[in-house]
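Report on the structure given below.
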Amino acid sequence: MLQTFSGDLPAHVPKELVMSFPLRLGAETWDNPFTTLIPEMHKAPRAYYAPDAWSGVAPAWVFRRADDLTEIYLDTDNFSSKDFAPFATLMGENWGVFPVEADLPMHTHYRALMQPLFTPKRVAEMNDRVRYHARYYIDQFKDGHGCEFVSAFAARFPIAVFLELFGLPIDEVEQFLAWEDDLLHNPDISSIAAATAAVKNYIMTTVDNRRKEPKDDLISALTHSTVDGRPATDDEIFGLCFNLYLGGLDTLTTNLGWQFRHLATHPEHQQYLRDNPDQIPDAVEELLRAYSAVATGRTCIKPVKIGGVQLMPGDRVVMSTTLGSTDPEVFDNPTEVRFDRKPRHLAFGSGIHNCVGLRLARRELHVAMEELLKALPPFRLAPDAKILTRLGGVIAMDSLPLVW
Ligand code: HEM
């Protein structure tokens with residue numbers, strides 16, 4: 001939809017490419033956007049300039065082709081990842097969320113600290129505990145006739161795994177859930193700032209404790225780490241912990257929600273996976289593609305042409321994995337879920353910032369699907385279900401009522 005621009009349109013932006021961004025922060029829908037809004041968005045020009053695409057309030061370029069998005073992900077000379085998360089600014093502080101907001105060369109140092117925590121061996125070692133937490137939550141509702149899946153499972157299970165990874169007490173799940181809700185789902189700025197301050201206080205108290213008494217956990221490892229030959233500062237340690245907190249919770253909740261909504265509304269797919277559990281990894285990969293739900297951002301730092309449009313320093317870009325993973329030029333009939341597609345999707349991004357936690361994320365998604373399909377009889381969407389989906393950085397359902 002063409003849109004008028006209220007400020008001064010930068011000289012390099014053609015008027016005919018000014019359009020609104022339907023997936024902007026603050027927008028919501030009662031439809032399933034993956035079958036309605038998103039296919040429509042692929043009828044728009046290859047790139048356009050949306051006055052509201054940056055956090056719902058500022059202009060940014062929107063690219064919808066996987067090739068263009070990948071080119072930007074890989075182009076660390078012309079694009080910066082700095083300052084796309086608002087949390088430190090809201091608190092009046094200036095720490096970064098690392099490594100996601102760091103550019104080269106600092107990114108390499110931060111990433112090197114995280115990489116060893118997510119090797120195939122480390123993730124395999126977590127397998128039993130991941131399964132334990134999945135079973136714990138499933139046991140709470142499996143003997144009934146239905147559940148509200150987001151709160152009963154999708155929100156709590158990733159927090160339990162996160163607490164395990166961080167060596168934090170499991171009875172903090174409810175507190176971390178409340179903070180996450182305020183950080184990511186509460187439009188009130190003061191609540192977001194208060195939740196950020198509370199998480200920071202909690203993590204930094206734990207950092208102090210681990211300095212005195214190290215344990216075999218992630219916070220101890222980060223607390224004693226060095227960056228470019230010097231000890232990591234407190235702000236850096238917090239930035240690294242906060243990236244894991246932001247990166248590993250809402251993303252999983254959302255993907256679990258969409259994957260189980262898909263199975264609830266496609267009984268033939270559900271039955272296929274019940275009969276062929278060895279196909280779960282391929283199915284999860286295709287569902288990650290079809291329901292890629294995360295968007296981050298980049299800022300242009302040198303003049304560059306991408307996808308036929310000129311970008312100038314200071315221009316922001318929305319990096320929508322949703323659009324990249326549903327590009328009809330790459331994926332034939334992209335709304336159709338085909339478990340044998342084996343797609344090269346953008347759900348986890350690409351380039352130097354691609355998701356460092358993707359092995360753990362896949363493990364959690366595989367275990368959840370294995371355990372839920374084993375424990376529950378065939379399930380479907382509750383007949384009277386009305387599901388609100390919030391758009392923005394993560395395309396997230398408010399609830400998912402399932403019955404069996
Ligand atoms: C299904 C679940 C997940 C999805 C869809 C997802 C998606 C993404 C995406 C798209 C990026 C790239 C951001 C960018 O380039 O701007 C990213 C980066 C990142 N993710 Fe994930 N993520 C998931 C799970 C996790 C988990 C479980 C963790 C850790 C516990 C994690 C930690 C991170 C970190 C630390 C980064 C920054 C990496 C860097 O900048 O080098 N993510 N994730």
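By convention here, the chains of the structure tokens are called A, B, ... in the order presented, each chain's residues are numbered starting at 1, and ligands are numbered starting at 1 in the order presented.
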
* A:Trp30: which residues within 12 Å, counting only C-alpha atoms, same-chain residues fewer than 3 positions away excluded, as number ranges by chain? -> A: 27, 33-37, 385-391, 396-399

Closest-contact table, chain A side, partner ligand 1, 6 Å, counting only C-alpha atoms and all ligand atoms, as a Markdown table:
```
| residue | atom | partner | partner_atom_place_in_ligand_line | distance |
| --- | --- | --- | --- | --- |
| A:Pro99 | CA | ligand 1 | 40 (O) | 4.2 |
| A:Val100 | CA | ligand 1 | 40 (O) | 3.1 |
| A:Arg111 | CA | ligand 1 | 41 (O) | 5.5 |
| A:Asn243 | CA | ligand 1 | 35 (C) | 5.0 |
| A:Leu244 | CA | ligand 1 | 29 (C) | 4.7 |
| A:Gly247 | CA | ligand 1 | 31 (C) | 4.1 |
| A:Gly248 | CA | ligand 1 | 26 (C) | 3.4 |
| A:Thr251 | CA | ligand 1 | 2 (C) | 4.5 |
| A:Leu252 | CA | ligand 1 | 2 (C) | 4.3 |
| A:Asn255 | CA | ligand 1 | 1 (C) | 5.6 |
| A:Val294 | CA | ligand 1 | 10 (C) | 5.7 |
| A:Thr296 | CA | ligand 1 | 16 (O) | 4.8 |
| A:Gly297 | CA | ligand 1 | 16 (O) | 5.9 |
| A:Ala347 | CA | ligand 1 | 5 (C) | 5.2 |
| A:Phe348 | CA | ligand 1 | 10 (C) | 4.0 |
| A:Gly349 | CA | ligand 1 | 10 (C) | 4.0 |
| A:Ile352 | CA | ligand 1 | 41 (O) | 5.8 |
| A:His353 | CA | ligand 1 | 41 (O) | 3.5 |
| A:Asn354 | CA | ligand 1 | 12 (C) | 4.6 |
| A:Cys355 | CA | ligand 1 | 18 (C) | 3.5 |
| A:Val356 | CA | ligand 1 | 38 (C) | 4.9 |
| A:Gly357 | CA | ligand 1 | 28 (C) | 3.7 |
| A:Leu358 | CA | ligand 1 | 24 (C) | 5.5 |
| A:Leu360 | CA | ligand 1 | 27 (C) | 5.4 |
| A:Ala361 | CA | ligand 1 | 27 (C) | 4.3 |
```

Selected residues written out, N, CA and C atoms, as a PDB file, in the first residue's frame:
```
ATOM      1  N   PRO A  99      26.942 -11.013  21.011  1.00  0.00           N
ATOM      2  CA  PRO A  99      27.611 -10.429  19.845  1.00  0.00           C
ATOM      3  C   PRO A  99      26.675  -9.785  18.833  1.00  0.00           C
ATOM      4  N   VAL A 100      25.347  -9.831  19.052  1.00  0.00           N
ATOM      5  CA  VAL A 100      24.455  -9.465  17.939  1.00  0.00           C
ATOM      6  C   VAL A 100      24.587  -8.006  17.530  1.00  0.00           C
ATOM      7  N   ARG A 111      31.977 -13.493  19.716  1.00  0.00           N
ATOM      8  CA  ARG A 111      31.463 -14.753  19.162  1.00  0.00           C
ATOM      9  C   ARG A 111      32.337 -15.925  19.628  1.00  0.00           C
ATOM     10  N   ASN A 243      22.113 -11.200  25.534  1.00  0.00           N
ATOM     11  CA  ASN A 243      21.869 -11.687  24.172  1.00  0.00           C
ATOM     12  C   ASN A 243      21.321 -13.117  24.210  1.00  0.00           C
ATOM     13  N   LEU A 244      21.869 -13.931  25.116  1.00  0.00           N
ATOM     14  CA  LEU A 244      21.379 -15.316  25.211  1.00  0.00           C
ATOM     15  C   LEU A 244      19.941 -15.327  25.731  1.00  0.00           C
ATOM     16  N   GLY A 247      17.825 -13.926  22.878  1.00  0.00           N
ATOM     17  CA  GLY A 247      17.890 -14.769  21.677  1.00  0.00           C
ATOM     18  C   GLY A 247      17.234 -16.110  21.845  1.00  0.00           C
ATOM     19  N   GLY A 248      17.261 -16.649  23.069  1.00  0.00           N
ATOM     20  CA  GLY A 248      16.878 -18.047  23.227  1.00  0.00           C
ATOM     21  C   GLY A 248      15.486 -18.284  23.775  1.00  0.00           C
ATOM     22  N   THR A 251      12.080 -16.430  20.765  1.00  0.00           N
ATOM     23  CA  THR A 251      12.220 -17.062  19.448  1.00  0.00           C
ATOM     24  C   THR A 251      11.703 -18.493  19.502  1.00  0.00           C
ATOM     25  N   LEU A 252      12.086 -19.202  20.553  1.00  0.00           N
ATOM     26  CA  LEU A 252      11.655 -20.603  20.651  1.00  0.00           C
ATOM     27  C   LEU A 252      10.171 -20.709  20.944  1.00  0.00           C
ATOM     28  N   ASN A 255       8.361 -20.112  17.704  1.00  0.00           N
ATOM     29  CA  ASN A 255       8.465 -21.218  16.739  1.00  0.00           C
ATOM     30  C   ASN A 255       7.704 -22.439  17.206  1.00  0.00           C
ATOM     31  N   VAL A 294      11.330 -14.134  12.976  1.00  0.00           N
ATOM     32  CA  VAL A 294      12.169 -13.134  13.644  1.00  0.00           C
ATOM     33  C   VAL A 294      12.617 -12.047  12.656  1.00  0.00           C
ATOM     34  N   THR A 296      15.383  -8.656  12.667  1.00  0.00           N
ATOM     35  CA  THR A 296      16.311  -7.764  13.375  1.00  0.00           C
ATOM     36  C   THR A 296      16.589  -6.574  12.457  1.00  0.00           C
ATOM     37  N   GLY A 297      17.758  -5.950  12.558  1.00  0.00           N
ATOM     38  CA  GLY A 297      17.985  -4.761  11.729  1.00  0.00           C
ATOM     39  C   GLY A 297      19.449  -4.522  11.415  1.00  0.00           C
ATOM     40  N   ALA A 347      15.691 -18.657   8.647  1.00  0.00           N
ATOM     41  CA  ALA A 347      15.133 -18.535  10.010  1.00  0.00           C
ATOM     42  C   ALA A 347      16.195 -18.156  11.036  1.00  0.00           C
ATOM     43  N   PHE A 348      17.426 -18.630  10.843  1.00  0.00           N
ATOM     44  CA  PHE A 348      18.487 -18.339  11.804  1.00  0.00           C
ATOM     45  C   PHE A 348      19.428 -17.255  11.292  1.00  0.00           C
ATOM     46  N   GLY A 349      19.027 -16.503  10.272  1.00  0.00           N
ATOM     47  CA  GLY A 349      19.874 -15.466   9.708  1.00  0.00           C
ATOM     48  C   GLY A 349      20.966 -16.078   8.843  1.00  0.00           C
ATOM     49  N   ILE A 352      28.059 -13.572   9.543  1.00  0.00           N
ATOM     50  CA  ILE A 352      28.789 -13.676  10.817  1.00  0.00           C
ATOM     51  C   ILE A 352      27.850 -13.710  12.028  1.00  0.00           C
ATOM     52  N   HIS A 353      26.672 -13.123  11.906  1.00  0.00           N
ATOM     53  CA  HIS A 353      25.760 -13.075  13.061  1.00  0.00           C
ATOM     54  C   HIS A 353      24.764 -14.229  13.071  1.00  0.00           C
ATOM     55  N   ASN A 354      24.922 -15.207  12.181  1.00  0.00           N
ATOM     56  CA  ASN A 354      23.886 -16.248  12.161  1.00  0.00           C
ATOM     57  C   ASN A 354      23.785 -16.865  13.555  1.00  0.00           C
ATOM     58  N   CYS A 355      22.626 -17.418  13.858  1.00  0.00           N
ATOM     59  CA  CYS A 355      22.290 -17.772  15.238  1.00  0.00           C
ATOM     60  C   CYS A 355      23.319 -18.720  15.848  1.00  0.00           C
ATOM     61  N   VAL A 356      23.976 -18.260  16.920  1.00  0.00           N
ATOM     62  CA  VAL A 356      24.993 -19.096  17.559  1.00  0.00           C
ATOM     63  C   VAL A 356      24.323 -20.236  18.343  1.00  0.00           C
ATOM     64  N   GLY A 357      23.046 -20.053  18.683  1.00  0.00           N
ATOM     65  CA  GLY A 357      22.339 -21.070  19.481  1.00  0.00           C
ATOM     66  C   GLY A 357      21.525 -22.037  18.637  1.00  0.00           C
ATOM     67  N   LEU A 358      21.780 -22.067  17.325  1.00  0.00           N
ATOM     68  CA  LEU A 358      20.861 -22.841  16.473  1.00  0.00           C
ATOM     69  C   LEU A 358      20.864 -24.344  16.760  1.00  0.00           C
ATOM     70  N   LEU A 360      21.218 -25.736  19.745  1.00  0.00           N
ATOM     71  CA  LEU A 360      20.375 -25.926  20.922  1.00  0.00           C
ATOM     72  C   LEU A 360      18.907 -25.708  20.549  1.00  0.00           C
ATOM     73  N   ALA A 361      18.659 -24.685  19.714  1.00  0.00           N
ATOM     74  CA  ALA A 361      17.279 -24.408  19.293  1.00  0.00           C
ATOM     75  C   ALA A 361      16.690 -25.633  18.587  1.00  0.00           C
TER      76      ALA A 361
END
```

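Of the residues under consideration (A:Val207, A:Ala44, A:Leu165, A:Ala102), A:Ala44 shows the shortest atom-to-atom contact distance to A:Arg64 when counting only C-alpha atoms.
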
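Between A:Asp228 and the candidates A:Ala85, A:Met106, A:Leu376, A:Val97, the tightest atom-to-atom separation, counting only C-alpha atoms, involves A:Met106.
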
* To do: Identify which of the residues A:Thr70, A:Asn94, A:Ser81, A:Asn186 lies closest to A:Leu25, counting only C-alpha atoms when measuring atom-to-atom distances.
  => A:Asn186

* **Spatial neighbours of A:Lys374, max dist 12 Å, only C-alpha atoms, sep filter under 2 positions, as a PyMOL selection string** => chain A and resi 134-135+138-139+142+270-271+273-277+367-372+376-379

Export of prior selection with C-alpha atoms as a PDB file, in the first residue's frame:
```
ATOM      1  CA  ALA A 134       9.936 -31.023  28.139  1.00  0.00           C
ATOM      2  CA  ARG A 135       8.435 -34.044  29.932  1.00  0.00           C
ATOM      3  CA  ILE A 138       3.880 -32.086  29.298  1.00  0.00           C
ATOM      4  CA  ASP A 139       3.080 -34.094  32.460  1.00  0.00           C
ATOM      5  CA  LYS A 142      -1.268 -34.519  29.156  1.00  0.00           C
ATOM      6  CA  GLN A 270       0.524 -34.733  12.481  1.00  0.00           C
ATOM      7  CA  GLN A 271      -0.292 -38.361  11.675  1.00  0.00           C
ATOM      8  CA  LEU A 273       5.065 -37.570  12.075  1.00  0.00           C
ATOM      9  CA  ARG A 274       3.404 -39.901  14.587  1.00  0.00           C
ATOM     10  CA  ASP A 275       3.989 -42.748  12.099  1.00  0.00           C
ATOM     11  CA  ASN A 276       7.477 -41.551  11.065  1.00  0.00           C
ATOM     12  CA  PRO A 277       9.188 -39.924  14.064  1.00  0.00           C
ATOM     13  CA  VAL A 367      12.686 -32.972  21.643  1.00  0.00           C
ATOM     14  CA  ALA A 368       9.455 -30.985  22.052  1.00  0.00           C
ATOM     15  CA  MET A 369       7.921 -32.545  18.957  1.00  0.00           C
ATOM     16  CA  GLU A 370       9.042 -36.086  19.844  1.00  0.00           C
ATOM     17  CA  GLU A 371       7.747 -35.859  23.402  1.00  0.00           C
ATOM     18  CA  LEU A 372       4.469 -34.080  22.627  1.00  0.00           C
ATOM     19  CA  LEU A 376      -0.734 -36.574  23.461  1.00  0.00           C
ATOM     20  CA  PRO A 377      -3.466 -38.198  21.361  1.00  0.00           C
ATOM     21  CA  PRO A 378      -4.231 -36.452  18.034  1.00  0.00           C
ATOM     22  CA  PHE A 379      -4.843 -32.786  18.884  1.00  0.00           C
TER      23      PHE A 379
END
```
